[in-house]
file query_12.cif (mmCIF, C-alpha atoms)
data_protein
#
loop_
_atom_site.label_atom_id
_atom_site.label_comp_id
_atom_site.auth_asym_id
_atom_site.auth_seq_id
_atom_site.Cartn_x
_atom_site.Cartn_y
_atom_site.Cartn_z
CA MET A 200 0.00 0.00 0.00
CA ALA A 201 1.28 3.46 -0.89
CA LYS A 202 2.49 5.70 1.91
CA LYS A 203 1.90 9.43 2.13
CA PHE A 204 5.21 11.25 1.65
CA MET A 205 5.42 14.97 2.27
CA PHE A 206 8.47 17.00 1.36
CA VAL A 207 8.79 20.09 3.50
CA ASN A 208 10.88 22.77 1.81
CA ARG A 209 12.01 25.52 4.14
CA LYS A 210 15.13 27.00 2.57
CA ALA A 211 15.70 29.61 -0.15
CA PRO A 212 16.45 28.07 -3.58
CA TYR A 213 20.01 29.40 -3.69
CA GLY A 214 22.45 30.14 -0.89
CA SER A 215 22.56 26.52 0.23
CA ILE A 216 22.16 23.19 -1.53
CA TYR A 217 19.11 21.97 0.41
CA ALA A 218 16.50 22.99 -2.16
CA LEU A 219 18.33 21.52 -5.15
CA GLU A 220 19.10 18.22 -3.44
CA ALA A 221 15.55 18.04 -2.02
CA LEU A 222 14.24 18.27 -5.58
CA GLU A 223 16.49 15.35 -6.53
CA VAL A 224 14.84 13.25 -3.80
CA VAL A 225 11.37 14.26 -4.99
CA LEU A 226 12.18 13.16 -8.55
CA ILE A 227 13.40 9.75 -7.34
CA THR A 228 10.31 9.30 -5.18
CA ALA A 229 8.17 9.65 -8.28
CA ALA A 230 9.40 6.21 -9.37
CA PHE A 231 8.11 4.52 -6.18
CA GLU A 232 4.39 5.07 -6.73
CA GLN A 233 3.79 6.71 -3.37
CA GLU A 234 1.40 9.56 -2.56
CA VAL A 235 3.70 12.55 -2.76
CA SER A 236 3.04 16.15 -1.78
CA LEU A 237 5.27 19.19 -1.39
CA ALA A 238 4.95 21.90 1.22
CA PHE A 239 6.74 25.25 1.04
CA LEU A 240 7.25 27.38 4.10
CA ASP A 241 9.64 29.95 5.55
CA ASP A 242 12.12 31.00 2.82
CA GLY A 243 11.16 27.77 1.01
CA VAL A 244 8.31 29.67 -0.68
CA TYR A 245 10.99 31.45 -2.75
CA GLN A 246 11.74 28.08 -4.41
CA LEU A 247 8.55 28.54 -6.44
CA LYS A 248 9.10 32.18 -7.37
CA LYS A 249 8.76 32.97 -11.07
CA GLY A 250 11.61 34.65 -12.93
CA MET A 251 14.65 33.20 -11.20
CA MET A 252 17.87 34.22 -12.96
CA PRO A 253 20.71 32.50 -11.09
CA LYS A 254 23.12 32.62 -14.04
CA GLY A 255 25.07 35.45 -12.43
CA ILE A 256 25.96 33.22 -9.48
CA GLU A 257 26.86 30.36 -11.85
CA MET A 258 23.95 28.23 -10.70
CA LYS A 259 21.56 26.21 -12.82
CA ASN A 260 17.99 27.53 -12.82
CA PHE A 261 16.04 24.60 -11.40
CA GLY A 262 12.73 26.46 -11.17
CA PRO A 263 11.45 24.79 -14.37
CA SER A 264 11.89 21.37 -12.72
CA TYR A 265 8.97 22.11 -10.38
CA ARG A 266 6.76 22.70 -13.41
CA ALA A 267 7.71 19.26 -14.72
CA LEU A 268 6.65 17.44 -11.54
CA PRO A 269 2.96 17.10 -12.54
CA ASP A 270 4.20 14.95 -15.48
CA TYR A 271 5.36 12.50 -12.80
CA ASP A 272 1.99 12.62 -11.00
CA ILE A 273 3.36 14.96 -8.36
CA ASP A 274 0.94 17.84 -8.36
CA LYS A 275 0.11 18.60 -4.73
CA PHE A 276 1.88 21.85 -3.88
CA TYR A 277 1.02 23.47 -0.56
CA VAL A 278 2.23 26.91 0.45
CA GLU A 279 1.97 28.24 3.97
CA ARG A 280 -0.03 31.45 3.93
CA GLU A 281 1.92 33.17 6.72
CA SER A 282 5.29 32.56 5.05
CA MET A 283 4.01 33.69 1.65
CA GLU A 284 2.39 36.87 2.94
CA ALA A 285 5.37 37.80 5.12
CA ARG A 286 7.45 37.82 1.94
CA GLY A 287 4.97 39.91 -0.03
CA LEU A 288 4.15 37.08 -2.44
CA THR A 289 0.86 35.96 -3.94
CA PRO A 290 -0.01 32.71 -5.77
CA GLU A 291 0.36 34.66 -9.05
CA ASP A 292 4.07 35.07 -8.30
CA LEU A 293 4.58 31.31 -8.24
CA LEU A 294 5.66 28.88 -10.96
CA VAL A 295 3.03 26.22 -10.28
CA GLU A 296 -0.54 26.09 -9.10
CA VAL A 297 -0.55 25.88 -5.34
CA GLU A 298 -2.99 25.43 -2.52
CA VAL A 299 -2.46 28.08 0.14
CA LEU A 300 -2.96 26.81 3.69
CA SER A 301 -2.62 28.43 7.11
CA ALA A 302 0.10 27.14 9.41
CA GLN A 303 -2.57 25.37 11.40
CA GLU A 304 -4.11 23.70 8.33
CA LEU A 305 -0.68 22.65 7.12
CA GLY A 306 0.01 21.21 10.57
CA GLN A 307 -3.14 19.10 10.30
CA LEU A 308 -2.06 17.88 6.88
CA MET A 309 1.35 16.93 8.27
CA GLU A 310 -0.42 14.97 10.99
CA ALA A 311 -1.97 12.80 8.26
CA GLN A 312 1.36 11.90 6.60
CA ASP A 313 3.30 8.65 6.95
CA VAL A 314 6.71 10.07 6.07
CA ILE A 315 7.84 13.70 6.28
CA LEU A 316 11.16 14.68 4.75
CA SER A 317 12.18 18.16 5.76
CA PHE A 318 14.89 20.01 3.90
CA MET B 282 9.81 -0.42 16.39
CA ASN B 283 11.83 -0.30 13.19
CA PHE B 284 13.47 3.09 12.62
CA ALA B 285 15.25 4.53 9.61
CA VAL B 286 17.40 7.61 10.08
CA LEU B 287 18.39 10.42 7.70
CA VAL B 288 21.54 12.46 8.44
CA ASN B 289 21.75 15.74 6.51
CA GLU B 290 24.77 17.47 8.06
CA GLY B 291 28.48 16.85 8.20
CA PRO B 292 30.33 15.74 11.36
CA TYR B 293 31.78 18.23 13.88
CA GLN B 294 30.41 21.28 12.02
CA HIS B 295 26.88 20.49 13.17
CA GLU B 296 25.34 18.53 16.01
CA ALA B 297 23.01 16.56 13.72
CA ALA B 298 25.54 13.74 13.26
CA ASP B 299 25.94 13.45 17.04
CA SER B 300 22.21 13.57 17.73
CA ALA B 301 21.54 10.96 15.05
CA TYR B 302 24.15 8.63 16.49
CA LEU B 303 22.92 9.09 20.07
CA PHE B 304 19.34 8.50 18.90
CA CYS B 305 20.38 5.25 17.19
CA ARG B 306 22.22 4.04 20.29
CA ALA B 307 19.34 4.91 22.61
CA ALA B 308 16.80 3.25 20.30
CA ILE B 309 18.85 0.04 20.12
CA GLU B 310 19.34 0.03 23.91
CA ALA B 311 15.57 0.36 24.30
CA GLY B 312 15.07 -2.74 22.14
CA HIS B 313 14.21 -1.06 18.84
CA ARG B 314 15.81 -1.73 15.50
CA ILE B 315 17.64 0.77 13.29
CA SER B 316 17.26 -0.69 9.82
CA ARG B 317 19.20 1.96 7.94
CA VAL B 318 21.01 5.26 8.34
CA PHE B 319 21.04 7.28 5.11
CA PHE B 320 23.60 10.07 4.67
CA TYR B 321 22.59 12.97 2.42
CA HIS B 322 23.66 16.58 1.73
CA ASP B 323 26.88 17.28 3.71
CA GLY B 324 25.94 14.25 5.82
CA VAL B 325 27.96 12.19 3.32
CA ASN B 326 31.09 13.58 5.02
CA ASN B 327 30.33 11.23 7.92
CA ALA B 328 31.71 8.54 5.59
CA ASN B 329 35.27 9.83 5.24
CA ARG B 330 37.76 7.37 6.68
CA LEU B 331 40.52 10.00 6.51
CA SER B 332 38.80 11.94 9.30
CA GLU B 333 41.13 12.13 12.28
CA PRO B 334 39.85 14.16 15.25
CA PRO B 335 42.08 15.07 18.23
CA GLN B 336 42.58 12.19 20.67
CA ASP B 337 40.43 13.74 23.40
CA ASP B 338 37.46 14.23 21.06
CA ARG B 339 34.79 11.75 20.03
CA ASN B 340 35.48 9.96 16.74
CA ILE B 341 32.23 10.39 14.85
CA VAL B 342 33.22 8.34 11.80
CA ALA B 343 34.60 5.38 13.78
CA ARG B 344 31.54 5.48 16.02
CA TRP B 345 29.26 4.84 13.01
CA SER B 346 31.43 1.92 11.89
CA LYS B 347 31.23 0.36 15.35
CA LEU B 348 27.45 0.76 15.38
CA ALA B 349 27.23 -1.03 12.04
CA GLU B 350 29.47 -3.85 13.21
CA ALA B 351 27.78 -4.38 16.57
CA HIS B 352 24.15 -4.05 15.49
CA GLY B 353 24.06 -4.67 11.75
CA VAL B 354 22.94 -1.14 10.96
CA ASP B 355 22.98 -0.48 7.20
CA LEU B 356 24.96 2.75 6.63
CA VAL B 357 24.18 4.12 3.17
CA VAL B 358 25.81 7.13 1.53
CA CYS B 359 23.98 8.86 -1.33
CA VAL B 360 25.96 8.38 -4.51
CA ALA B 361 25.03 11.73 -6.11
CA ALA B 362 25.61 13.80 -2.96
CA GLY B 363 28.83 11.84 -2.32
CA LEU B 364 30.25 12.36 -5.82
CA ARG B 365 29.67 16.11 -5.54
CA ARG B 366 31.71 16.15 -2.35
CA GLY B 367 34.39 13.64 -3.31
CA ILE B 368 33.11 10.80 -1.14
CA LYS B 369 33.82 7.66 -3.17
CA ASP B 370 34.28 3.95 -2.49
CA GLU B 371 37.98 4.24 -1.72
CA LEU B 372 37.23 6.73 1.05
CA LEU B 373 34.55 4.69 2.84
CA PRO B 374 35.13 3.53 6.43
CA PRO B 375 34.09 -0.04 7.39
CA GLY B 376 30.34 -0.64 7.46
CA PHE B 377 29.41 2.09 4.96
CA ARG B 378 28.23 1.55 1.40
CA ILE B 379 27.32 3.86 -1.46
CA SER B 380 23.94 3.64 -3.13
CA GLY B 381 21.16 5.71 -4.66
CA LEU B 382 18.42 7.90 -3.24
CA GLY B 383 15.99 5.05 -3.83
CA GLN B 384 17.44 3.51 -0.65
CA LEU B 385 16.17 6.50 1.33
CA ILE B 386 12.67 6.22 -0.10
CA GLU B 387 12.67 2.45 0.38
CA ALA B 388 13.70 2.99 4.03
CA GLY B 389 10.80 5.43 4.41
CA ILE B 390 8.39 2.88 2.98
CA GLU B 391 9.60 -0.07 5.03
CA ALA B 392 10.42 1.50 8.41
CA ASP B 393 7.78 2.36 10.99
CA ARG B 394 9.35 5.80 11.37
CA LEU B 395 11.87 7.80 9.36
CA VAL B 396 13.65 10.32 11.58
CA THR B 397 15.54 13.27 10.03
CA PHE B 398 18.53 14.96 11.65
CA GLY B 399 19.59 18.26 10.15
CA ASP B 400 18.86 21.96 9.97
#

call {"tool": "encode", "arguments": {"input": "query_12.cif", "output": "structure tokens"}}
result
Amino acid sequence: MAKKFMFVNRKAPYGSIYALEALEVVLITAAFEQEVSLAFLDDGVYQLKKGMMPKGIEMKNFGPSYRALPDYDIDKFYVERESMEARGLTPEDLLVEVEVLSAQELGQLMEAQDVILSF
Amino acid sequence: MNFAVLVNEGPYQHEAADSAYLFCRAAIEAGHRISRVFFYHDGVNNANRLSEPPQDDRNIVARWSKLAEAHGVDLVVCVAAGLRRGIKDELLPPGFRISGLGQLIEAGIEADRLVTFGD
């Protein structure tokens, strides 16, 4: 029986390797036929920001990879409302379609998971 | 209970490697099983046999090897994260092996709990 895996992304896309390597785990998980969802909170909401141009810091732009995830049946993207609003972002600023949840709602969703991987 | 553990930080720089080890030891002493410890991000640096701390300090790398030998804990280093950081077969201490991220997901599926240590 499939388990519910949630990936909790809390770090900015550049500045440390967590976001990039977390995405690598998500892509591998797609091959295991589990129920996968992604949550973005704290600076992690910046991972979904449109218009990233990391060329100047000699980094690969991995933003487009998030858009490809629905092709692998990974299409549950949750964004924490408090984190998003504190950074002046709206769902229109983001690369993929997301469901915006309050910290409390997201907490309840986490409660229902089997495995939480936090990066 | 059957636990799997994820270590996301390097030794000495960060307490995660210590906490993960102490968790494993405490769980085993309490009669639980640690099926696998997976090393990811800078956590792969836990698998460097050239590490040589001062005599009066704990030896984090050797401690993992002893845990594997005494309790059959499967110590797995992520191949992609390891290659980035120069952790290859010839550098591995006893008890460690290199494999893919699938081993992390498999551990999450098979264990009762997957516990993450990191930032």

call {"tool": "closest_residue", "arguments": {"input": "query_12.cif", "among": "A:Glu291, A:Glu257, A:Glu232, A:Glu310", "to": "Gly214 (chain A)", "atoms": "all atoms listed in the file"}}
result
A:Glu257

call {"tool": "resolve_selection", "arguments": {"input": "query_12.cif", "expression": "the PyMOL selection byres ((chain B) within 12 of (chain A))", "output": "PyMOL selection string"}}
result
chain B and resi 284-290+321-324+359-363+365-366+381-400

call {"tool": "resolve_selection", "arguments": {"input": "query_12.cif", "expression": "the PyMOL selection byres ((chain A and resi 286) around 9)", "output": "MDAnalysis selection string"}}
result
chainID A and resid 241:242 244:245 281:285 287:288

call {"tool": "atom_distance", "arguments": {"input": "query_12.cif", "atom1": "CA of Glu310 (chain B)", "atom2": "CA of Phe377 (chain B)"}}
result
21.6 Å

call {"tool": "atom_distance", "arguments": {"input": "query_12.cif", "atom1": "CA of Arg378 (chain B)", "atom2": "CA of Asp355 (chain B)"}}
result
8.1 Å

call {"tool": "closest_residue", "arguments": {"input": "query_12.cif", "among": "A:Pro263, A:Gly255, A:Pro212, A:Pro269", "to": "Gly243 (chain A)", "atoms": "all atoms listed in the file"}}
result
A:Pro212

call {"tool": "decode", "arguments": {"input": "query_12.cif", "residues": "region 224-235 of chain A", "atoms": "all heavy atoms", "output": "tab-separated table (two decimals), in the first residue's frame"}}
result
chain	number	residue	atom	x	y	z
A	224	VAL	N	15.54	14.32	-4.53
A	224	VAL	CA	14.84	13.25	-3.80
A	224	VAL	C	13.40	13.12	-4.30
A	224	VAL	O	12.89	12.02	-4.49
A	224	VAL	CB	14.84	13.50	-2.28
A	224	VAL	CG1	14.22	12.32	-1.55
A	224	VAL	CG2	16.25	13.73	-1.75
A	225	VAL	N	12.76	14.27	-4.52
A	225	VAL	CA	11.37	14.26	-4.99
A	225	VAL	C	11.27	13.51	-6.32
A	225	VAL	O	10.38	12.67	-6.52
A	225	VAL	CB	10.83	15.70	-5.14
A	225	VAL	CG1	9.46	15.70	-5.80
A	225	VAL	CG2	10.77	16.40	-3.79
A	226	LEU	N	12.21	13.80	-7.22
A	226	LEU	CA	12.18	13.16	-8.55
A	226	LEU	C	12.35	11.64	-8.44
A	226	LEU	O	11.69	10.89	-9.15
A	226	LEU	CB	13.26	13.76	-9.45
A	226	LEU	CG	12.96	15.20	-9.90
A	226	LEU	CD1	14.19	15.86	-10.50
A	226	LEU	CD2	11.81	15.23	-10.91
A	227	ILE	N	13.22	11.19	-7.53
A	227	ILE	CA	13.40	9.75	-7.34
A	227	ILE	C	12.13	9.12	-6.76
A	227	ILE	O	11.71	8.04	-7.17
A	227	ILE	CB	14.60	9.48	-6.38
A	227	ILE	CG1	15.91	9.96	-6.99
A	227	ILE	CG2	14.66	8.00	-6.01
A	227	ILE	CD1	16.45	9.14	-8.14
A	228	THR	N	11.51	9.84	-5.83
A	228	THR	CA	10.31	9.30	-5.18
A	228	THR	C	9.20	9.03	-6.18
A	228	THR	O	8.39	8.12	-6.00
A	228	THR	CB	9.81	10.29	-4.10
A	228	THR	OG1	10.92	10.67	-3.28
A	228	THR	CG2	8.75	9.65	-3.21
A	229	ALA	N	9.20	9.82	-7.25
A	229	ALA	CA	8.17	9.65	-8.28
A	229	ALA	C	8.15	8.23	-8.83
A	229	ALA	O	7.11	7.73	-9.25
A	229	ALA	CB	8.40	10.65	-9.41
A	230	ALA	N	9.31	7.55	-8.80
A	230	ALA	CA	9.40	6.21	-9.37
A	230	ALA	C	8.84	5.14	-8.42
A	230	ALA	O	8.71	3.98	-8.80
A	230	ALA	CB	10.85	5.89	-9.70
A	231	PHE	N	8.51	5.51	-7.18
A	231	PHE	CA	8.11	4.52	-6.18
A	231	PHE	C	6.60	4.40	-5.98
A	231	PHE	O	6.13	3.71	-5.09
A	231	PHE	CB	8.79	4.82	-4.83
A	231	PHE	CG	10.23	4.39	-4.78
A	231	PHE	CD1	11.23	5.14	-5.39
A	231	PHE	CD2	10.59	3.21	-4.14
A	231	PHE	CE1	12.56	4.74	-5.35
A	231	PHE	CE2	11.91	2.80	-4.10
A	231	PHE	CZ	12.90	3.57	-4.70
A	232	GLU	N	5.85	5.12	-6.78
A	232	GLU	CA	4.39	5.07	-6.73
A	232	GLU	C	3.83	5.28	-5.33
A	232	GLU	O	2.99	4.51	-4.85
A	232	GLU	CB	3.90	3.74	-7.33
A	232	GLU	CG	4.21	3.68	-8.82
A	232	GLU	CD	3.74	2.40	-9.49
A	232	GLU	OE1	3.32	1.48	-8.79
A	232	GLU	OE2	3.82	2.37	-10.73
A	233	GLN	N	4.32	6.33	-4.67
A	233	GLN	CA	3.79	6.71	-3.37
A	233	GLN	C	2.92	7.96	-3.55
A	233	GLN	O	2.91	8.57	-4.62
A	233	GLN	CB	4.95	7.01	-2.41
A	233	GLN	CG	5.94	5.86	-2.26
A	233	GLN	CD	5.32	4.63	-1.63
A	233	GLN	OE1	4.77	4.69	-0.54
A	233	GLN	NE2	5.39	3.50	-2.32
A	234	GLU	N	2.19	8.32	-2.50
A	234	GLU	CA	1.40	9.56	-2.56
A	234	GLU	C	2.27	10.71	-2.11
A	234	GLU	O	2.54	10.86	-0.92
A	234	GLU	CB	0.19	9.46	-1.63
A	234	GLU	CG	-0.92	8.60	-2.18
A	234	GLU	CD	-2.12	8.59	-1.24
A	234	GLU	OE1	-2.50	9.65	-0.72
A	234	GLU	OE2	-2.63	7.49	-0.99
A	235	VAL	N	2.71	11.51	-3.06
A	235	VAL	CA	3.70	12.55	-2.76
A	235	VAL	C	3.07	13.94	-2.76
A	235	VAL	O	2.28	14.27	-3.65
A	235	VAL	CB	4.85	12.51	-3.79
A	235	VAL	CG1	5.86	13.61	-3.52
A	235	VAL	CG2	5.54	11.14	-3.77
